[in-house]
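See below for model_4.cif, which holds mmCIF, C-alpha atoms.
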data_coords
#
loop_
_atom_site.label_atom_id
_atom_site.label_comp_id
_atom_site.auth_asym_id
_atom_site.auth_seq_id
_atom_site.Cartn_x
_atom_site.Cartn_y
_atom_site.Cartn_z
CA MET A 559 0.00 0.00 0.00
CA THR A 560 1.36 3.38 -0.96
CA GLU A 561 0.59 6.52 0.92
CA GLU A 562 -1.16 9.28 -0.99
CA ILE A 563 1.14 12.23 -1.71
CA LYS A 564 -0.59 15.50 -2.39
CA PRO A 565 1.42 17.54 -4.91
CA ASP A 566 1.53 21.33 -4.91
CA LEU A 567 2.07 21.35 -8.66
CA GLU A 568 1.76 18.79 -11.44
CA ILE A 569 3.71 18.89 -14.70
CA ASP A 570 3.42 16.85 -17.87
CA LEU A 571 6.74 15.70 -19.31
CA LYS A 572 5.29 13.13 -21.67
CA GLY A 573 7.15 12.90 -24.97
CA LEU A 574 10.09 14.99 -23.76
CA LEU A 575 13.61 13.63 -24.10
CA CYS A 576 16.95 14.41 -22.47
CA PRO A 577 17.70 17.03 -21.18
CA LEU A 578 14.17 18.45 -21.04
CA PRO A 579 12.60 16.32 -18.26
CA MET A 580 15.19 17.44 -15.70
CA VAL A 581 15.23 21.00 -17.02
CA ARG A 582 11.44 21.26 -16.66
CA VAL A 583 11.59 19.77 -13.14
CA SER A 584 14.22 22.33 -12.20
CA GLN A 585 12.24 25.22 -13.72
CA ASN A 586 9.03 24.19 -11.97
CA ILE A 587 10.35 23.28 -8.53
CA SER A 588 11.09 26.95 -7.94
CA LYS A 589 7.37 27.67 -8.35
CA ILE A 590 6.43 25.71 -5.24
CA PRO A 591 7.30 26.57 -1.63
CA VAL A 592 10.13 24.81 0.23
CA GLY A 593 8.69 21.61 1.65
CA GLY A 594 6.21 21.37 -1.22
CA VAL A 595 5.94 18.49 -3.67
CA LEU A 596 6.16 18.56 -7.46
CA LYS A 597 4.54 15.74 -9.38
CA ALA A 598 6.04 15.06 -12.81
CA VAL A 599 4.81 12.50 -15.32
CA ALA A 600 7.39 11.42 -17.92
CA THR A 601 7.70 8.84 -20.68
CA ASP A 602 11.48 9.01 -21.14
CA PRO A 603 13.11 5.95 -19.48
CA GLY A 604 16.30 8.02 -19.14
CA SER A 605 14.52 10.26 -16.68
CA LEU A 606 14.45 7.33 -14.22
CA ALA A 607 18.17 7.93 -13.75
CA ASP A 608 18.27 11.64 -14.51
CA ILE A 609 15.66 13.04 -12.16
CA PRO A 610 17.00 11.28 -9.02
CA SER A 611 20.53 12.39 -10.03
CA TRP A 612 19.30 15.92 -10.49
CA ALA A 613 17.70 15.78 -7.03
CA ARG A 614 20.94 14.58 -5.40
CA THR A 615 22.94 17.28 -7.21
CA THR A 616 20.60 20.06 -6.21
CA GLY A 617 19.84 18.83 -2.69
CA ASN A 618 16.18 18.04 -3.31
CA GLU A 619 14.42 14.75 -2.65
CA VAL A 620 12.59 12.25 -4.80
CA LEU A 621 9.90 10.90 -2.47
CA ARG A 622 8.55 8.27 -4.79
CA VAL A 623 8.69 7.00 -8.35
CA ASP A 624 5.73 5.11 -9.78
CA LYS A 625 6.57 3.01 -12.80
CA GLY A 626 3.53 2.39 -14.92
CA ASP A 627 3.28 1.13 -18.47
CA LYS A 628 5.88 3.37 -20.17
CA LEU A 629 4.82 6.11 -17.78
CA TYR A 630 6.97 7.28 -14.91
CA THR A 631 5.56 9.45 -12.16
CA PHE A 632 7.94 11.31 -9.91
CA TYR A 633 7.11 13.01 -6.62
CA VAL A 634 9.87 15.50 -5.91
CA LYS A 635 10.05 17.40 -2.65
CA ARG A 636 11.59 20.86 -2.70
CA VAL A 637 14.10 20.76 0.15
CA LYS A 638 15.74 24.12 -0.45
CA MET B 77 47.71 27.49 -2.61
CA GLU B 78 44.60 25.43 -3.23
CA GLU B 79 41.65 27.60 -4.11
CA GLU B 80 38.13 26.48 -3.56
CA LYS B 81 36.35 25.21 -6.65
CA LYS B 82 33.17 26.88 -7.76
CA ASN B 83 30.05 24.98 -8.73
CA ARG B 84 30.83 25.72 -12.34
CA VAL B 85 31.20 23.88 -15.66
CA SER B 86 33.54 25.43 -18.19
CA MET B 87 33.61 24.19 -21.73
CA VAL B 88 35.72 24.77 -24.82
CA VAL B 89 33.62 24.11 -27.91
CA LEU B 90 36.04 23.71 -30.80
CA SER B 91 33.78 21.57 -32.94
CA GLY B 92 31.07 22.84 -35.25
CA ASP B 93 29.76 19.30 -35.85
CA MET B 94 26.09 18.79 -35.20
CA ASP B 95 26.52 15.78 -32.93
CA LYS B 96 29.19 17.43 -30.81
CA LEU B 97 27.15 20.61 -30.51
CA PHE B 98 24.26 18.49 -29.26
CA ALA B 99 26.52 17.06 -26.58
CA ALA B 100 27.78 20.52 -25.62
CA PHE B 101 24.34 22.10 -25.34
CA ILE B 102 22.74 19.12 -23.59
CA ILE B 103 25.48 19.11 -20.94
CA ALA B 104 25.23 22.90 -20.64
CA THR B 105 21.46 22.96 -20.17
CA GLY B 106 21.55 19.95 -17.83
CA ALA B 107 24.23 21.55 -15.69
CA ALA B 108 22.40 24.87 -15.57
CA ALA B 109 19.22 23.04 -14.53
CA SER B 110 21.25 21.34 -11.79
CA GLY B 111 22.10 24.72 -10.34
CA MET B 112 25.57 24.98 -11.82
CA GLU B 113 27.09 28.05 -13.37
CA VAL B 114 27.97 27.30 -17.01
CA VAL B 115 30.46 29.07 -19.26
CA MET B 116 30.98 28.01 -22.86
CA PHE B 117 33.91 29.20 -24.98
CA PHE B 118 33.42 28.79 -28.70
CA THR B 119 36.51 28.68 -30.82
CA PHE B 120 37.29 27.91 -34.46
CA TRP B 121 34.60 25.63 -35.98
CA GLY B 122 32.59 26.00 -32.79
CA LEU B 123 31.84 29.63 -33.70
CA LYS B 124 29.30 28.23 -36.12
CA ALA B 125 27.03 27.56 -33.16
CA LEU B 126 26.86 31.30 -32.44
CA GLN B 127 26.72 32.65 -35.98
CA LYS B 128 23.66 34.19 -37.56
CA LYS B 129 22.56 32.96 -40.97
CA GLU B 130 24.27 35.93 -42.64
CA ALA B 131 27.24 35.68 -45.00
CA THR B 132 30.65 36.40 -43.45
CA GLY B 133 34.15 37.22 -44.64
CA LYS B 134 35.96 40.24 -46.04
CA SER B 135 38.92 38.83 -47.93
CA PHE B 136 38.63 36.33 -50.77
CA PHE B 137 39.43 33.38 -48.52
CA GLY B 138 37.23 34.75 -45.76
CA ARG B 139 34.23 34.99 -48.07
CA MET B 140 34.93 31.52 -49.43
CA LEU B 141 35.02 30.15 -45.89
CA GLY B 142 31.78 31.99 -45.16
CA MET B 143 30.16 30.31 -48.13
CA ILE B 144 31.36 26.82 -47.24
CA ASN B 145 31.03 27.00 -43.48
CA GLY B 146 28.37 29.69 -43.04
CA GLY B 147 24.67 29.46 -42.34
CA GLY B 148 24.88 29.17 -38.57
CA ILE B 149 23.89 26.38 -36.24
CA THR B 150 21.13 24.99 -38.46
CA LYS B 151 23.77 24.17 -41.07
CA ALA B 152 25.92 22.07 -38.72
CA ASN B 153 26.66 18.68 -40.27
CA PRO B 154 27.19 15.42 -38.37
CA SER B 155 30.84 14.45 -37.80
CA LYS B 156 30.25 11.21 -39.69
CA TYR B 157 28.07 10.56 -42.74
CA GLY B 158 27.82 14.18 -43.80
CA PHE B 159 27.19 13.26 -47.46
CA GLY B 160 27.15 16.90 -48.50
CA GLY B 161 24.18 17.86 -46.33
CA MET B 162 22.25 14.58 -46.70
CA GLY B 163 23.42 13.37 -43.31
CA ARG B 164 22.18 16.52 -41.63
CA TRP B 165 18.83 16.16 -43.34
CA MET B 166 18.53 12.48 -42.36
CA PHE B 167 19.50 13.03 -38.73
CA GLY B 168 17.18 16.04 -38.62
CA LYS B 169 14.28 13.85 -39.76
CA MET B 170 15.14 11.05 -37.35
CA MET B 171 15.51 13.38 -34.41
CA LYS B 172 12.30 15.21 -35.20
CA SER B 173 10.34 11.95 -35.39
CA LYS B 174 11.63 11.09 -31.93
CA ASN B 175 10.84 14.55 -30.60
CA VAL B 176 14.46 15.44 -29.82
CA THR B 177 14.92 19.13 -29.11
CA SER B 178 16.69 20.93 -31.99
CA LEU B 179 20.04 22.68 -31.64
CA VAL B 180 18.40 26.09 -32.02
CA GLU B 181 15.93 25.29 -29.25
CA LEU B 182 18.68 23.88 -27.01
CA ARG B 183 20.78 27.01 -27.51
CA GLN B 184 17.76 29.19 -26.67
CA LEU B 185 17.06 27.07 -23.59
CA ALA B 186 20.69 27.47 -22.52
CA ILE B 187 20.34 31.25 -22.83
CA GLU B 188 17.14 31.20 -20.77
CA LEU B 189 18.86 29.12 -18.09
CA GLY B 190 21.65 31.68 -17.81
CA VAL B 191 24.44 29.83 -19.63
CA LYS B 192 27.15 32.32 -20.62
CA MET B 193 28.56 32.03 -24.14
CA TYR B 194 31.81 33.57 -25.32
CA GLY B 195 33.45 33.75 -28.72
CA CYS B 196 37.22 33.47 -29.04
CA GLN B 197 38.53 36.77 -30.40
CA MET B 198 41.44 35.22 -32.26
CA SER B 199 39.33 32.71 -34.20
CA MET B 200 36.75 35.40 -34.90
CA ASP B 201 39.54 37.45 -36.48
CA VAL B 202 41.02 34.54 -38.43
CA MET B 203 37.68 33.35 -39.74
CA GLU B 204 36.43 36.90 -40.34
CA ILE B 205 33.33 36.45 -38.21
CA PRO B 206 32.75 39.78 -36.42
CA ARG B 207 30.62 40.17 -33.28
CA GLU B 208 27.71 41.62 -35.34
CA LYS B 209 27.45 38.36 -37.27
CA MET B 210 26.82 36.43 -34.08
CA ILE B 211 23.60 36.11 -32.07
CA ASP B 212 22.89 39.02 -29.71
CA GLU B 213 23.12 36.92 -26.54
CA VAL B 214 26.84 36.22 -26.96
CA GLU B 215 29.10 37.99 -24.48
CA GLU B 216 31.94 40.23 -25.57
CA PRO B 217 34.83 38.29 -27.20
CA VAL B 218 37.55 36.87 -24.96
CA GLY B 219 40.85 35.02 -25.15
CA VAL B 220 42.59 32.09 -23.53
CA GLY B 221 43.44 34.03 -20.39
CA PHE B 222 39.79 34.50 -19.60
CA PHE B 223 39.01 30.84 -20.27
CA LEU B 224 41.84 29.65 -18.01
CA GLU B 225 40.69 31.90 -15.22
CA GLN B 226 37.20 30.43 -15.48
CA ALA B 227 38.44 26.84 -15.91
CA ARG B 228 40.96 26.74 -13.07
CA ASP B 229 38.35 26.88 -10.36
CA SER B 230 35.60 24.99 -12.21
CA ARG B 231 34.48 21.62 -10.85
CA ILE B 232 34.05 20.32 -14.38
CA SER B 233 35.96 21.41 -17.45
CA LEU B 234 35.31 19.92 -20.87
CA PHE B 235 36.79 20.16 -24.35
CA ILE B 236 34.36 19.38 -27.15
#
Conversion result in structure tokens:
Amino acid sequence: MTEEIKPDLEIDLKGLLCPLPMVRVSQNISKIPVGGVLKAVATDPGSLADIPSWARTTGNEVLRVDKGDKLYTFYVKRVK
Amino acid sequence: MEEEKKNRVSMVVLSGDMDKLFAAFIIATGAAASGMEVVMFFTFWGLKALQKKEATGKSFFGRMLGMINGGGITKANPSKYGFGGMGRWMFGKMMKSKNVTSLVELRQLAIELGVKMYGCQMSMDVMEIPREKMIDEVEEPVGVGFFLEQARDSRISLFI
């Protein structure tokens, strides 16, 4: 059972390829308050590696990744 | 004396090849999105990435070079399988069908993300590509001294 995470903002990254998924996450995380959660839905399998790497580099936190059928949903918490 | 490194990527872009420019701009935009400062130094063939579509060159050789190598970033050919423009066309089609961001869009994104782009004064002189023939967002021309100053305290330094 997974706990429901309520995002402050949702973005659609479907169809976008490297480097756009991480660029869009970075551009949108600044729109939410510190402590808030950004939900991003991507189709690029590369983003499975890239978005967590981006979070570690920037000091933010990926709370959860849901892997659906060619659909990857990221919940990213803005830490700073 | 060990100086502290800055959270910066510095890049020399010597190549004007399409594939290498993709690598340069993807790393640049990715780094900028990761909160890093990014400085790109374009020299020799790399100047193509900053040129407008206009013709360049003053002397006979300069104008000839402008005709062969001009046209700006949209005229960058792949480093392999150029086939006189066919390769560029083919890769362009393949990338478009897969929704890959174009070089022009990547360069614009880099600008929006605050990536700083510099042209090398010496190659601009040699190749007869003046500042006015380059996109407006380019910083004032610089030389190797400026690059070294930026590179020596960068965490990441690349030559493309």
Exercise answer, chain B residues close to chain A, 7 Å and only C-alpha atoms, as a list in words: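 Applying the cut-off to the listed atoms yields Ile102, Gly106, Ala109, Ser110, Gly111, Asn175 and Val176 of chain B.
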Shell around Gly138 (chain B) at 7 Å using only C-alpha atoms, local window under 5 positions removed, as a ChimeraX atom specification: /B:133,203-204
Neighbour list for Val595 (chain A) as a PyMOL selection string, cut-off 10 Å, all atoms listed in the file, skip fewer than 5 positions in-chain: chain A and resi 563-568+587+590+619-621+632-637
Could you save the residues just selected, with C-alpha atoms, as a CSV table (one decimal), in the coordinates of the input?
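Saved result, selection-v4.csv, follows:
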chain,number,residue,atom,x,y,z
A,563,ILE,CA,1.1,12.2,-1.7
A,564,LYS,CA,-0.6,15.5,-2.4
A,565,PRO,CA,1.4,17.5,-4.9
A,566,ASP,CA,1.5,21.3,-4.9
A,567,LEU,CA,2.1,21.4,-8.7
A,568,GLU,CA,1.8,18.8,-11.4
A,587,ILE,CA,10.4,23.3,-8.5
A,590,ILE,CA,6.4,25.7,-5.2
A,619,GLU,CA,14.4,14.8,-2.6
A,620,VAL,CA,12.6,12.2,-4.8
A,621,LEU,CA,9.9,10.9,-2.5
A,632,PHE,CA,7.9,11.3,-9.9
A,633,TYR,CA,7.1,13.0,-6.6
A,634,VAL,CA,9.9,15.5,-5.9
A,635,LYS,CA,10.0,17.4,-2.6
A,636,ARG,CA,11.6,20.9,-2.7
A,637,VAL,CA,14.1,20.8,0.2
Test item: residues at most 10 Å from Thr150 (chain B), all atoms listed in the file, excluding those fewer than 5 positions along its chain, as a PyMOL selection string: chain B and resi 94+124-125+127-129+164+168+178-180
For those residues, write C-alpha atoms to a file as a short mmCIF file (atom, residue, chain, number, x, y, z; two decimals), in the frame of the given file.
data_model
loop_
_atom_site.label_atom_id
_atom_site.label_comp_id
_atom_site.auth_asym_id
_atom_site.auth_seq_id
_atom_site.Cartn_x
_atom_site.Cartn_y
_atom_site.Cartn_z
CA MET B 94 26.09 18.79 -35.20
CA LYS B 124 29.30 28.23 -36.12
CA ALA B 125 27.03 27.56 -33.16
CA GLN B 127 26.72 32.65 -35.98
CA LYS B 128 23.66 34.19 -37.56
CA LYS B 129 22.56 32.96 -40.97
CA ARG B 164 22.18 16.52 -41.63
CA GLY B 168 17.18 16.04 -38.62
CA SER B 178 16.69 20.93 -31.99
CA LEU B 179 20.04 22.68 -31.64
CA VAL B 180 18.40 26.09 -32.02
#
Polymer residues at most 8 Å from (36.0, 19.5, -24.3) by only C-alpha atoms, as a ChimeraX atom specification: /B:87-90,233-236
Selection under test: the PyMOL selection byres ((chain B and resi 200) around 12); residues as a ChimeraX atom specification: /B:118-124,126-127,132-133,138,142,194-199,201-210,216-219
Interatomic distance, CA of Lys572 (chain A) to CA of Glu181 (chain B) (Å, one decimal): 17.8 Å
Separation of CA of Asp212 (chain B) from CA of Glu130 (chain B), in Å and rounded to one decimal: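 So the answer is 13.4 Å.
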Incomplete region 144-166 of chain B filled out to N, CA, C and O atoms as a PDB file, in the coordinates of the input:
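File produced: rebuild.pdb:
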ATOM      1  N   ILE B 144      31.286  28.261 -47.508  1.00  0.00           N
ATOM      2  CA  ILE B 144      31.360  26.820 -47.240  1.00  0.00           C
ATOM      3  C   ILE B 144      30.856  26.498 -45.839  1.00  0.00           C
ATOM      4  O   ILE B 144      30.116  25.546 -45.618  1.00  0.00           O
ATOM      5  N   ASN B 145      31.271  27.329 -44.885  1.00  0.00           N
ATOM      6  CA  ASN B 145      31.030  27.000 -43.480  1.00  0.00           C
ATOM      7  C   ASN B 145      29.914  27.831 -42.850  1.00  0.00           C
ATOM      8  O   ASN B 145      29.556  27.625 -41.700  1.00  0.00           O
ATOM      9  N   GLY B 146      29.345  28.759 -43.630  1.00  0.00           N
ATOM     10  CA  GLY B 146      28.370  29.690 -43.040  1.00  0.00           C
ATOM     11  C   GLY B 146      26.998  29.065 -42.803  1.00  0.00           C
ATOM     12  O   GLY B 146      26.821  27.859 -42.888  1.00  0.00           O
ATOM     13  N   GLY B 147      26.045  29.931 -42.493  1.00  0.00           N
ATOM     14  CA  GLY B 147      24.670  29.460 -42.340  1.00  0.00           C
ATOM     15  C   GLY B 147      24.256  29.212 -40.907  1.00  0.00           C
ATOM     16  O   GLY B 147      23.103  28.906 -40.634  1.00  0.00           O
ATOM     17  N   GLY B 148      25.225  29.297 -39.991  1.00  0.00           N
ATOM     18  CA  GLY B 148      24.880  29.170 -38.570  1.00  0.00           C
ATOM     19  C   GLY B 148      24.604  27.753 -38.120  1.00  0.00           C
ATOM     20  O   GLY B 148      24.870  26.778 -38.837  1.00  0.00           O
ATOM     21  N   ILE B 149      24.032  27.652 -36.942  1.00  0.00           N
ATOM     22  CA  ILE B 149      23.890  26.380 -36.240  1.00  0.00           C
ATOM     23  C   ILE B 149      22.988  25.388 -36.987  1.00  0.00           C
ATOM     24  O   ILE B 149      23.181  24.178 -36.898  1.00  0.00           O
ATOM     25  N   THR B 150      22.030  25.906 -37.753  1.00  0.00           N
ATOM     26  CA  THR B 150      21.130  24.990 -38.460  1.00  0.00           C
ATOM     27  C   THR B 150      21.832  24.289 -39.614  1.00  0.00           C
ATOM     28  O   THR B 150      21.311  23.340 -40.191  1.00  0.00           O
ATOM     29  N   LYS B 151      23.017  24.786 -39.970  1.00  0.00           N
ATOM     30  CA  LYS B 151      23.770  24.170 -41.070  1.00  0.00           C
ATOM     31  C   LYS B 151      24.889  23.264 -40.558  1.00  0.00           C
ATOM     32  O   LYS B 151      25.766  22.857 -41.319  1.00  0.00           O
ATOM     33  N   ALA B 152      24.882  22.950 -39.270  1.00  0.00           N
ATOM     34  CA  ALA B 152      25.920  22.070 -38.720  1.00  0.00           C
ATOM     35  C   ALA B 152      25.702  20.646 -39.217  1.00  0.00           C
ATOM     36  O   ALA B 152      24.599  20.109 -39.129  1.00  0.00           O
ATOM     37  N   ASN B 153      26.742  20.043 -39.751  1.00  0.00           N
ATOM     38  CA  ASN B 153      26.660  18.680 -40.270  1.00  0.00           C
ATOM     39  C   ASN B 153      27.161  17.676 -39.235  1.00  0.00           C
ATOM     40  O   ASN B 153      28.010  18.012 -38.415  1.00  0.00           O
ATOM     41  N   PRO B 154      26.668  16.429 -39.288  1.00  0.00           N
ATOM     42  CA  PRO B 154      27.190  15.420 -38.370  1.00  0.00           C
ATOM     43  C   PRO B 154      28.661  15.119 -38.647  1.00  0.00           C
ATOM     44  O   PRO B 154      29.121  15.277 -39.778  1.00  0.00           O
ATOM     45  N   SER B 155      29.401  14.689 -37.626  1.00  0.00           N
ATOM     46  CA  SER B 155      30.840  14.450 -37.800  1.00  0.00           C
ATOM     47  C   SER B 155      31.106  13.225 -38.670  1.00  0.00           C
ATOM     48  O   SER B 155      32.187  13.077 -39.218  1.00  0.00           O
ATOM     49  N   LYS B 156      30.144  12.343 -38.772  1.00  0.00           N
ATOM     50  CA  LYS B 156      30.250  11.210 -39.690  1.00  0.00           C
ATOM     51  C   LYS B 156      29.039  11.240 -40.612  1.00  0.00           C
ATOM     52  O   LYS B 156      27.997  11.757 -40.232  1.00  0.00           O
ATOM     53  N   TYR B 157      29.182  10.656 -41.789  1.00  0.00           N
ATOM     54  CA  TYR B 157      28.070  10.560 -42.740  1.00  0.00           C
ATOM     55  C   TYR B 157      27.458  11.914 -43.070  1.00  0.00           C
ATOM     56  O   TYR B 157      26.246  12.097 -42.985  1.00  0.00           O
ATOM     57  N   GLY B 158      28.321  12.862 -43.402  1.00  0.00           N
ATOM     58  CA  GLY B 158      27.820  14.180 -43.800  1.00  0.00           C
ATOM     59  C   GLY B 158      27.127  14.118 -45.149  1.00  0.00           C
ATOM     60  O   GLY B 158      26.056  14.669 -45.325  1.00  0.00           O
ATOM     61  N   PHE B 159      27.717  13.410 -46.096  1.00  0.00           N
ATOM     62  CA  PHE B 159      27.190  13.260 -47.460  1.00  0.00           C
ATOM     63  C   PHE B 159      26.682  14.577 -48.040  1.00  0.00           C
ATOM     64  O   PHE B 159      25.556  14.636 -48.576  1.00  0.00           O
ATOM     65  N   GLY B 160      27.484  15.608 -47.912  1.00  0.00           N
ATOM     66  CA  GLY B 160      27.150  16.900 -48.500  1.00  0.00           C
ATOM     67  C   GLY B 160      25.791  17.449 -48.091  1.00  0.00           C
ATOM     68  O   GLY B 160      25.054  17.976 -48.912  1.00  0.00           O
ATOM     69  N   GLY B 161      25.443  17.288 -46.812  1.00  0.00           N
ATOM     70  CA  GLY B 161      24.180  17.860 -46.330  1.00  0.00           C
ATOM     71  C   GLY B 161      23.088  16.802 -46.134  1.00  0.00           C
ATOM     72  O   GLY B 161      22.146  17.003 -45.386  1.00  0.00           O
ATOM     73  N   MET B 162      23.249  15.660 -46.817  1.00  0.00           N
ATOM     74  CA  MET B 162      22.250  14.580 -46.700  1.00  0.00           C
ATOM     75  C   MET B 162      22.174  14.031 -45.278  1.00  0.00           C
ATOM     76  O   MET B 162      21.105  13.732 -44.763  1.00  0.00           O
ATOM     77  N   GLY B 163      23.358  13.897 -44.674  1.00  0.00           N
ATOM     78  CA  GLY B 163      23.420  13.370 -43.310  1.00  0.00           C
ATOM     79  C   GLY B 163      22.671  14.258 -42.337  1.00  0.00           C
ATOM     80  O   GLY B 163      21.933  13.779 -41.481  1.00  0.00           O
ATOM     81  N   ARG B 164      22.859  15.561 -42.505  1.00  0.00           N
ATOM     82  CA  ARG B 164      22.180  16.520 -41.630  1.00  0.00           C
ATOM     83  C   ARG B 164      20.674  16.399 -41.780  1.00  0.00           C
ATOM     84  O   ARG B 164      19.928  16.361 -40.808  1.00  0.00           O
ATOM     85  N   TRP B 165      20.246  16.275 -43.037  1.00  0.00           N
ATOM     86  CA  TRP B 165      18.830  16.160 -43.340  1.00  0.00           C
ATOM     87  C   TRP B 165      18.248  14.886 -42.703  1.00  0.00           C
ATOM     88  O   TRP B 165      17.212  14.907 -42.055  1.00  0.00           O
ATOM     89  N   MET B 166      19.001  13.773 -42.878  1.00  0.00           N
ATOM     90  CA  MET B 166      18.530  12.480 -42.360  1.00  0.00           C
ATOM     91  C   MET B 166      18.438  12.493 -40.829  1.00  0.00           C
ATOM     92  O   MET B 166      17.423  12.120 -40.254  1.00  0.00           O
TER      93      MET B 166
END
